[in-house]
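Raw contents of upload.cif, mmCIF, C-alpha atoms; chains and numbers go by the auth columns:
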data_upload
#
loop_
_atom_site.group_PDB
_atom_site.id
_atom_site.type_symbol
_atom_site.label_atom_id
_atom_site.label_comp_id
_atom_site.label_asym_id
_atom_site.label_seq_id
_atom_site.Cartn_x
_atom_site.Cartn_y
_atom_site.Cartn_z
_atom_site.B_iso_or_equiv
_atom_site.auth_seq_id
_atom_site.auth_asym_id
ATOM 1 C CA MET A 1 3.102 -10.561 6.964 0.00 2 A
ATOM 2 C CA ASP A 2 0.491 -7.828 7.408 0.00 3 A
ATOM 3 C CA LEU A 3 0.893 -5.534 4.398 0.00 4 A
ATOM 4 C CA GLU A 4 -1.105 -2.782 6.086 0.00 5 A
ATOM 5 C CA ALA A 5 1.476 -2.769 8.857 0.00 6 A
ATOM 6 C CA VAL A 6 4.244 -2.667 6.242 0.00 7 A
ATOM 7 C CA ARG A 7 2.521 0.231 4.458 0.00 8 A
ATOM 8 C CA THR A 8 2.227 2.052 7.793 0.00 9 A
ATOM 9 C CA PHE A 9 5.911 1.486 8.520 0.00 10 A
ATOM 10 C CA VAL A 10 6.846 3.000 5.154 0.00 11 A
ATOM 11 C CA ALA A 11 4.571 5.978 5.766 0.00 12 A
ATOM 12 C CA VAL A 12 6.208 6.660 9.143 0.00 13 A
ATOM 13 C CA ALA A 13 9.658 6.272 7.575 0.00 14 A
ATOM 14 C CA ASP A 14 8.755 8.769 4.836 0.00 15 A
ATOM 15 C CA THR A 15 7.088 11.362 7.069 0.00 16 A
ATOM 16 C CA GLY A 16 9.191 10.913 10.194 0.00 17 A
ATOM 17 C CA GLN A 17 6.057 11.321 12.321 0.00 18 A
ATOM 18 C CA PHE A 18 3.464 8.864 13.587 0.00 19 A
ATOM 19 C CA GLN A 19 0.810 11.584 13.430 0.00 20 A
ATOM 20 C CA SER A 20 1.745 12.582 9.879 0.00 21 A
ATOM 21 C CA ALA A 21 1.685 8.951 8.806 0.00 22 A
ATOM 22 C CA GLY A 22 -1.771 8.610 10.351 0.00 23 A
ATOM 23 C CA ASP A 23 -2.993 11.674 8.477 0.00 24 A
ATOM 24 C CA GLU A 24 -1.643 10.236 5.225 0.00 25 A
ATOM 25 C CA LEU A 25 -3.264 6.853 5.823 0.00 26 A
ATOM 26 C CA ARG A 26 -6.416 8.375 7.325 0.00 27 A
ATOM 27 C CA VAL A 27 -6.112 6.508 10.594 0.00 28 A
ATOM 28 C CA THR A 28 -5.400 7.656 14.138 0.00 29 A
ATOM 29 C CA GLN A 29 -1.925 8.019 15.593 0.00 30 A
ATOM 30 C CA GLN A 30 -2.824 5.231 18.018 0.00 31 A
ATOM 31 C CA ALA A 31 -3.617 2.907 15.086 0.00 32 A
ATOM 32 C CA VAL A 32 -0.258 3.745 13.493 0.00 33 A
ATOM 33 C CA SER A 33 1.548 2.949 16.752 0.00 34 A
ATOM 34 C CA LYS A 34 -0.277 -0.370 17.093 0.00 35 A
ATOM 35 C CA ARG A 35 0.526 -1.403 13.519 0.00 36 A
ATOM 36 C CA VAL A 36 4.206 -0.557 13.852 0.00 37 A
ATOM 37 C CA ALA A 37 4.408 -2.326 17.211 0.00 38 A
ATOM 38 C CA ALA A 38 2.769 -5.434 15.738 0.00 39 A
ATOM 39 C CA LEU A 39 5.250 -5.410 12.847 0.00 40 A
ATOM 40 C CA GLU A 40 8.171 -5.051 15.238 0.00 41 A
ATOM 41 C CA ARG A 41 6.908 -8.019 17.263 0.00 42 A
ATOM 42 C CA ALA A 42 6.527 -10.098 14.089 0.00 43 A
ATOM 43 C CA LEU A 43 10.068 -9.228 12.967 0.00 44 A
ATOM 44 C CA GLY A 44 11.612 -9.383 16.426 0.00 45 A
ATOM 45 C CA VAL A 45 13.427 -6.049 16.021 0.00 46 A
ATOM 46 C CA ARG A 46 12.907 -2.344 16.719 0.00 47 A
ATOM 47 C CA LEU A 47 12.258 -0.420 13.521 0.00 48 A
ATOM 48 C CA PHE A 48 12.215 3.101 14.947 0.00 49 A
ATOM 49 C CA THR A 49 13.846 5.088 17.656 0.00 50 A
ATOM 50 C CA ARG A 50 11.264 7.404 19.199 0.00 51 A
ATOM 51 C CA THR A 51 12.454 10.949 19.785 0.00 52 A
ATOM 52 C CA PRO A 52 10.695 14.155 20.925 0.00 53 A
ATOM 53 C CA ARG A 53 10.699 15.277 17.295 0.00 54 A
ATOM 54 C CA GLY A 54 9.227 12.107 15.882 0.00 55 A
ATOM 55 C CA ALA A 55 10.497 8.710 14.782 0.00 56 A
ATOM 56 C CA ARG A 56 13.939 7.894 13.432 0.00 57 A
ATOM 57 C CA LEU A 57 14.717 4.654 11.631 0.00 58 A
ATOM 58 C CA SER A 58 16.837 2.195 13.564 0.00 59 A
ATOM 59 C CA VAL A 59 19.612 0.230 11.884 0.00 60 A
ATOM 60 C CA ASP A 60 17.165 -2.641 11.389 0.00 61 A
ATOM 61 C CA GLY A 61 14.560 -0.193 10.119 0.00 62 A
ATOM 62 C CA ARG A 62 16.937 1.147 7.477 0.00 63 A
ATOM 63 C CA ALA A 63 17.763 -2.410 6.419 0.00 64 A
ATOM 64 C CA PHE A 64 14.081 -3.357 6.203 0.00 65 A
ATOM 65 C CA LEU A 65 12.850 -0.233 4.381 0.00 66 A
ATOM 66 C CA PRO A 66 13.873 -1.096 0.767 0.00 67 A
ATOM 67 C CA HIS A 67 12.423 -4.581 1.142 0.00 68 A
ATOM 68 C CA ALA A 68 9.226 -3.130 2.575 0.00 69 A
ATOM 69 C CA ARG A 69 8.902 -0.876 -0.462 0.00 70 A
ATOM 70 C CA GLU A 70 9.400 -3.874 -2.742 0.00 71 A
ATOM 71 C CA LEU A 71 6.701 -5.810 -0.868 0.00 72 A
ATOM 72 C CA LEU A 72 4.233 -2.989 -1.496 0.00 73 A
ATOM 73 C CA ALA A 73 5.314 -2.705 -5.124 0.00 74 A
ATOM 74 C CA ALA A 74 4.855 -6.465 -5.553 0.00 75 A
ATOM 75 C CA GLN A 75 1.361 -6.158 -4.117 0.00 76 A
ATOM 76 C CA GLN A 76 0.521 -3.465 -6.655 0.00 77 A
ATOM 77 C CA ARG A 77 1.889 -5.579 -9.492 0.00 78 A
ATOM 78 C CA ALA A 78 -0.132 -8.561 -8.290 0.00 79 A
ATOM 79 C CA LEU A 79 -3.342 -6.523 -8.177 0.00 80 A
ATOM 80 C CA ALA A 80 -2.645 -4.921 -11.554 0.00 81 A
ATOM 81 C CA SER A 81 -2.075 -8.353 -13.127 0.00 82 A
ATOM 82 C CA VAL A 82 -5.761 -9.198 -12.718 0.00 83 A
ATOM 83 C CA ALA A 83 -7.427 -5.769 -12.565 0.00 84 A
ATOM 84 C CA PRO A 84 -9.784 -5.221 -15.546 0.00 85 A
ATOM 85 C CA GLY A 85 -8.469 -2.533 -17.851 0.00 86 A
ATOM 86 C CA ARG A 86 -5.119 -2.347 -16.050 0.00 87 A
ATOM 87 C CA ARG A 87 -3.410 -5.696 -16.444 0.00 88 A
ATOM 88 C CA ALA A 88 -0.851 -6.542 -19.106 0.00 89 A
ATOM 89 C CA LEU A 89 -1.895 -7.837 -22.533 0.00 90 A
ATOM 90 C CA ARG A 90 -2.245 -11.560 -21.831 0.00 91 A
ATOM 91 C CA VAL A 91 -1.434 -13.811 -24.785 0.00 92 A
ATOM 92 C CA ASP A 92 -1.619 -17.608 -24.768 0.00 93 A
ATOM 93 C CA VAL A 93 0.878 -19.753 -26.648 0.00 94 A
ATOM 94 C CA LEU A 94 0.712 -23.516 -26.880 0.00 95 A
ATOM 95 C CA ASN A 95 4.386 -23.865 -26.007 0.00 96 A
ATOM 96 C CA ARG A 96 7.081 -21.318 -25.198 0.00 97 A
ATOM 97 C CA ARG A 97 9.430 -22.956 -27.735 0.00 98 A
ATOM 98 C CA THR A 98 7.120 -22.557 -30.721 0.00 99 A
ATOM 99 C CA ALA A 99 7.258 -19.939 -33.460 0.00 100 A
ATOM 100 C CA PRO A 100 4.447 -17.784 -31.960 0.00 101 A
ATOM 101 C CA ALA A 101 6.361 -17.467 -28.700 0.00 102 A
ATOM 102 C CA THR A 102 9.446 -16.438 -30.671 0.00 103 A
ATOM 103 C CA LEU A 103 7.388 -13.851 -32.551 0.00 104 A
ATOM 104 C CA LEU A 104 6.068 -12.402 -29.296 0.00 105 A
ATOM 105 C CA HIS A 105 9.599 -12.142 -27.946 0.00 106 A
ATOM 106 C CA ALA A 106 10.709 -10.316 -31.088 0.00 107 A
ATOM 107 C CA PHE A 107 7.696 -7.990 -30.813 0.00 108 A
ATOM 108 C CA TYR A 108 8.540 -7.199 -27.198 0.00 109 A
ATOM 109 C CA GLN A 109 12.145 -6.422 -28.133 0.00 110 A
ATOM 110 C CA GLN A 110 10.900 -4.107 -30.875 0.00 111 A
ATOM 111 C CA ASP A 111 8.365 -2.307 -28.664 0.00 112 A
ATOM 112 C CA PRO A 112 8.948 -2.938 -24.922 0.00 113 A
ATOM 113 C CA SER A 113 6.388 -0.240 -24.069 0.00 114 A
ATOM 114 C CA VAL A 114 3.651 -2.825 -24.640 0.00 115 A
ATOM 115 C CA VAL A 115 3.391 -4.805 -21.415 0.00 116 A
ATOM 116 C CA LEU A 116 2.959 -8.491 -22.277 0.00 117 A
ATOM 117 C CA ASP A 117 2.010 -11.446 -20.123 0.00 118 A
ATOM 118 C CA VAL A 118 2.747 -14.588 -22.138 0.00 119 A
ATOM 119 C CA VAL A 119 0.986 -17.636 -20.687 0.00 120 A
ATOM 120 C CA THR A 120 0.429 -21.286 -21.572 0.00 121 A
ATOM 121 C CA LEU A 121 -3.041 -22.565 -20.741 0.00 122 A
ATOM 122 C CA PRO A 122 -3.128 -25.906 -18.890 0.00 123 A
ATOM 123 C CA ASP A 123 -5.457 -27.508 -21.461 0.00 124 A
ATOM 124 C CA VAL A 124 -3.824 -28.108 -24.839 0.00 125 A
ATOM 125 C CA ALA A 125 -7.133 -28.423 -26.703 0.00 126 A
ATOM 126 C CA VAL A 126 -8.371 -25.598 -28.947 0.00 127 A
ATOM 127 C CA GLY A 127 -11.842 -25.366 -27.390 0.00 128 A
ATOM 128 C CA PRO A 128 -10.729 -24.261 -23.903 0.00 129 A
ATOM 129 C CA ALA A 129 -8.356 -21.728 -25.465 0.00 130 A
ATOM 130 C CA LEU A 130 -11.212 -20.164 -27.435 0.00 131 A
ATOM 131 C CA ASP A 131 -13.348 -20.151 -24.282 0.00 132 A
ATOM 132 C CA ALA A 132 -10.556 -18.350 -22.436 0.00 133 A
ATOM 133 C CA VAL A 133 -10.506 -15.611 -25.070 0.00 134 A
ATOM 134 C CA THR A 134 -14.307 -15.344 -25.012 0.00 135 A
ATOM 135 C CA THR A 135 -14.415 -14.926 -21.229 0.00 136 A
ATOM 136 C CA GLY A 136 -11.461 -12.523 -21.194 0.00 137 A
ATOM 137 C CA THR A 137 -9.139 -14.806 -19.251 0.00 138 A
ATOM 138 C CA VAL A 138 -6.666 -14.213 -22.070 0.00 139 A
ATOM 139 C CA ASP A 139 -6.761 -11.483 -24.702 0.00 140 A
ATOM 140 C CA ALA A 140 -5.481 -13.572 -27.606 0.00 141 A
ATOM 141 C CA THR A 141 -4.299 -17.077 -28.355 0.00 142 A
ATOM 142 C CA PHE A 142 -2.063 -18.632 -30.992 0.00 143 A
ATOM 143 C CA ARG A 143 -3.767 -21.859 -32.088 0.00 144 A
ATOM 144 C CA ALA A 144 -4.310 -23.871 -35.233 0.00 145 A
ATOM 145 C CA LEU A 145 -7.900 -23.625 -36.486 0.00 146 A
ATOM 146 C CA VAL A 146 -8.465 -26.147 -39.230 0.00 147 A
ATOM 147 C CA ASP A 147 -12.138 -25.156 -39.474 0.00 148 A
ATOM 148 C CA GLY A 148 -11.675 -21.517 -38.472 0.00 149 A
ATOM 149 C CA PRO A 149 -14.752 -19.843 -40.064 0.00 150 A
ATOM 150 C CA ASP A 150 -17.101 -22.634 -38.952 0.00 151 A
ATOM 151 C CA ARG A 151 -15.535 -22.901 -35.511 0.00 152 A
ATOM 152 C CA LEU A 152 -15.928 -19.178 -34.806 0.00 153 A
ATOM 153 C CA ALA A 153 -19.385 -18.773 -36.328 0.00 154 A
ATOM 154 C CA GLY A 154 -21.793 -17.223 -33.844 0.00 155 A
ATOM 155 C CA THR A 155 -19.002 -16.039 -31.535 0.00 156 A
ATOM 156 C CA PRO A 156 -17.460 -12.578 -31.095 0.00 157 A
ATOM 157 C CA LEU A 157 -14.022 -14.001 -31.907 0.00 158 A
ATOM 158 C CA GLU A 158 -11.934 -13.326 -34.997 0.00 159 A
ATOM 159 C CA ALA A 159 -9.002 -15.298 -36.374 0.00 160 A
ATOM 160 C CA ALA A 160 -6.141 -14.419 -38.674 0.00 161 A
ATOM 161 C CA ARG A 161 -3.291 -16.454 -40.114 0.00 162 A
ATOM 162 C CA VAL A 162 -0.089 -14.964 -38.726 0.00 163 A
ATOM 163 C CA VAL A 163 2.578 -17.651 -38.981 0.00 164 A
ATOM 164 C CA LEU A 164 3.183 -20.919 -40.789 0.00 165 A
ATOM 165 C CA GLU A 165 5.523 -23.028 -38.700 0.00 166 A
ATOM 166 C CA PRO A 166 7.790 -25.290 -40.776 0.00 167 A
ATOM 167 C CA HIS A 167 8.352 -28.941 -39.973 0.00 168 A
ATOM 168 C CA GLU A 168 11.865 -29.990 -39.061 0.00 169 A
ATOM 169 C CA LEU A 169 13.131 -33.531 -39.359 0.00 170 A
ATOM 170 C CA LEU A 170 15.850 -34.856 -37.060 0.00 171 A
ATOM 171 C CA VAL A 171 17.707 -37.970 -38.233 0.00 172 A
ATOM 172 C CA GLY A 172 20.993 -39.657 -37.458 0.00 173 A
ATOM 173 C CA PRO A 173 24.070 -39.324 -39.726 0.00 174 A
ATOM 174 C CA ALA A 174 23.581 -42.795 -41.182 0.00 175 A
ATOM 175 C CA HIS A 175 19.901 -42.330 -41.996 0.00 176 A
ATOM 176 C CA ALA A 176 18.797 -42.551 -45.621 0.00 177 A
ATOM 177 C CA LEU A 177 17.523 -38.962 -45.506 0.00 178 A
ATOM 178 C CA ALA A 178 20.521 -37.512 -43.678 0.00 179 A
ATOM 179 C CA ASP A 179 21.908 -35.685 -46.736 0.00 180 A
ATOM 180 C CA ALA A 180 18.579 -34.360 -47.989 0.00 181 A
ATOM 181 C CA ARG A 181 18.086 -30.577 -47.816 0.00 182 A
ATOM 182 C CA ALA A 182 14.315 -31.040 -47.971 0.00 183 A
ATOM 183 C CA VAL A 183 12.044 -34.073 -47.765 0.00 184 A
ATOM 184 C CA THR A 184 8.651 -34.596 -49.348 0.00 185 A
ATOM 185 C CA LEU A 185 5.850 -36.305 -47.474 0.00 186 A
ATOM 186 C CA ALA A 186 5.961 -39.127 -50.003 0.00 187 A
ATOM 187 C CA GLU A 187 9.644 -39.736 -49.164 0.00 188 A
ATOM 188 C CA LEU A 188 8.896 -39.537 -45.453 0.00 189 A
ATOM 189 C CA ALA A 189 6.115 -42.105 -45.697 0.00 190 A
ATOM 190 C CA ALA A 190 8.689 -44.872 -46.106 0.00 191 A
ATOM 191 C CA HIS A 191 10.203 -44.149 -42.674 0.00 192 A
ATOM 192 C CA PRO A 192 8.519 -44.387 -39.251 0.00 193 A
ATOM 193 C CA VAL A 193 8.433 -41.047 -37.419 0.00 194 A
ATOM 194 C CA TRP A 194 9.152 -41.138 -33.691 0.00 195 A
ATOM 195 C CA MET A 195 7.259 -38.496 -31.712 0.00 196 A
ATOM 196 C CA PRO A 196 7.196 -39.434 -28.006 0.00 197 A
ATOM 197 C CA GLY A 197 5.230 -37.242 -25.633 0.00 198 A
ATOM 198 C CA LEU A 198 2.675 -36.004 -28.159 0.00 199 A
ATOM 199 C CA ALA A 199 -0.255 -35.098 -25.906 0.00 200 A
ATOM 200 C CA PRO A 200 -3.494 -36.856 -26.934 0.00 201 A
ATOM 201 C CA GLY A 201 -6.445 -34.602 -27.676 0.00 202 A
ATOM 202 C CA GLY A 202 -4.323 -31.555 -28.446 0.00 203 A
ATOM 203 C CA GLU A 203 -4.147 -29.678 -31.711 0.00 204 A
ATOM 204 C CA ALA A 204 -0.737 -31.174 -32.512 0.00 205 A
ATOM 205 C CA SER A 205 -1.839 -34.785 -32.034 0.00 206 A
ATOM 206 C CA THR A 206 -5.007 -34.142 -34.042 0.00 207 A
ATOM 207 C CA TYR A 207 -3.014 -32.546 -36.841 0.00 208 A
ATOM 208 C CA TYR A 208 -0.454 -35.352 -37.035 0.00 209 A
ATOM 209 C CA ALA A 209 -3.159 -38.023 -36.889 0.00 210 A
ATOM 210 C CA GLU A 210 -4.880 -36.437 -39.902 0.00 211 A
ATOM 211 C CA LEU A 211 -1.561 -35.970 -41.678 0.00 212 A
ATOM 212 C CA ALA A 212 -0.575 -39.600 -41.100 0.00 213 A
ATOM 213 C CA GLU A 213 -3.912 -40.835 -42.426 0.00 214 A
ATOM 214 C CA THR A 214 -3.763 -38.559 -45.476 0.00 215 A
ATOM 215 C CA VAL A 215 -0.245 -39.334 -46.689 0.00 216 A
ATOM 216 C CA GLY A 216 0.351 -42.734 -45.097 0.00 217 A
ATOM 217 C CA LEU A 217 2.819 -41.776 -42.378 0.00 218 A
ATOM 218 C CA THR A 218 3.645 -44.119 -39.528 0.00 219 A
ATOM 219 C CA ILE A 219 3.954 -42.168 -36.263 0.00 220 A
ATOM 220 C CA ASP A 220 5.391 -43.935 -33.214 0.00 221 A
ATOM 221 C CA LEU A 221 4.413 -42.347 -29.879 0.00 222 A
ATOM 222 C CA GLY A 222 6.090 -44.972 -27.724 0.00 223 A
ATOM 223 C CA GLY A 223 9.240 -44.707 -25.665 0.00 224 A
ATOM 224 C CA PRO A 224 10.401 -42.354 -22.915 0.00 225 A
ATOM 225 C CA LEU A 225 10.267 -38.578 -23.227 0.00 226 A
ATOM 226 C CA PHE A 226 13.498 -36.947 -22.061 0.00 227 A
ATOM 227 C CA SER A 227 12.130 -33.376 -22.439 0.00 228 A
ATOM 228 C CA ALA A 228 12.123 -31.098 -25.457 0.00 229 A
ATOM 229 C CA GLU A 229 15.793 -30.225 -24.969 0.00 230 A
ATOM 230 C CA CYS A 230 16.795 -33.862 -25.577 0.00 231 A
ATOM 231 C CA SER A 231 14.332 -34.816 -28.309 0.00 232 A
#

Just give me the structure of the file as structure tokens.
Amino acid sequence: MDLEAVRTFVAVADTGQFQSAGDELRVTQQAVSKRVAALERALGVRLFTRTPRGARLSVDGRAFLPHARELLAAQQRALASVAPGRRALRVDVLNRRTAPATLLHAFYQQDPSVVLDVVTLPDVAVGPALDAVTTGTVDATFRALVDGPDRLAGTPLEAARVVLEPHELLVGPAHALADARAVTLAELAAHPVWMPGLAPGGEASTYYAELAETVGLTIDLGGPLFSAECS
């Protein structure tokens, strides 16, 4: 749908005059008439009733008007989402179920005046996330930097530790560790850990590979993944 025609329709509806709408949009009255006529043909209805005093909304015009305003508002939101200096604060999180995402939600609830756009980048690796911050695609990212100072050397980026996410162990009621309130890594080393769906090359898989090698864990990545809600 031609948004210029929609904008012209709204202008005529607000001013009640084709000429006044043209003056507002800085186009001729003939251009306004052509745009409205094209919109009416596209919709298959009459939007205005022409009178000697101007233009009066038809029944269909009154029904279409609030939706037309929303179309224009959506266009403005879409443009603002990518306009430099105007878009929302764009923050990347690795997963919307992780602690950083929860922290962002709590921050938004505390101060909703800060407009946030929480995104998840398609690449799970740390490098592309840092590149996205450097280029301004995102304003900040929550990632694990094992070699933070060395990794950021020579770049304009800065890192700060903001959250330590605890590990949670899920076992069945008959498991040897079922009654334990906390488990040490040494105790866990005696039991295979099933982690299906762990994406290779990501910060999580790298972390768990190093952890398994350091403390002698056995991590099983096999089997079907039934989504995070079922794991």

Checklist entry - What is the CA of Ala126 (chain A)-CA of Thr215 (chain A) distance in Å, reported with one decimal? => result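 Computing it gives 21.6 Å between the two atoms.
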
Next on the checklist: Tell me which residues come within 9 Å of (1.5, 0.7, 11.3), as a ChimeraX atom specification, counting only C-alpha atoms in the file's coordinates.
Outcome noted: /A:5-13,19,22-23,32-40

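Between CA of Val46 (chain A) and CA of Gly62 (chain A) the interatomic distance comes to 8.4 Å.
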
Checklist outcome for this item: Of A:Val184, A:Val94, A:Leu66, A:Val125, the one sitting nearest Ala205 (chain A) when using all atoms listed in the file is A:Val125

Checklist entry - Please, what distance in Å, to one decimal, runs between CA of Pro201 (chain A) and CA of Leu153 (chain A)? => result 23.0 Å

Checklist entry - For Val127 (chain A), which residue out of A:Ser206, A:Met196, A:Glu214, A:Ala102 is the nearest one, using all atoms listed in the file? => result A:Ser206

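Once the PyMOL selection byres ((chain A and resi 106-121) around 9) is applied to this file, the selection holds Ser82, Arg88, Ala89, Leu90, Arg91, Val92, Asp93, Val94, Leu95, Asn96, Arg97, Pro101, Ala102, Thr103, Leu104, Leu105, Leu122, Pro123, Asp124, Val125 and Val139 of chain A.
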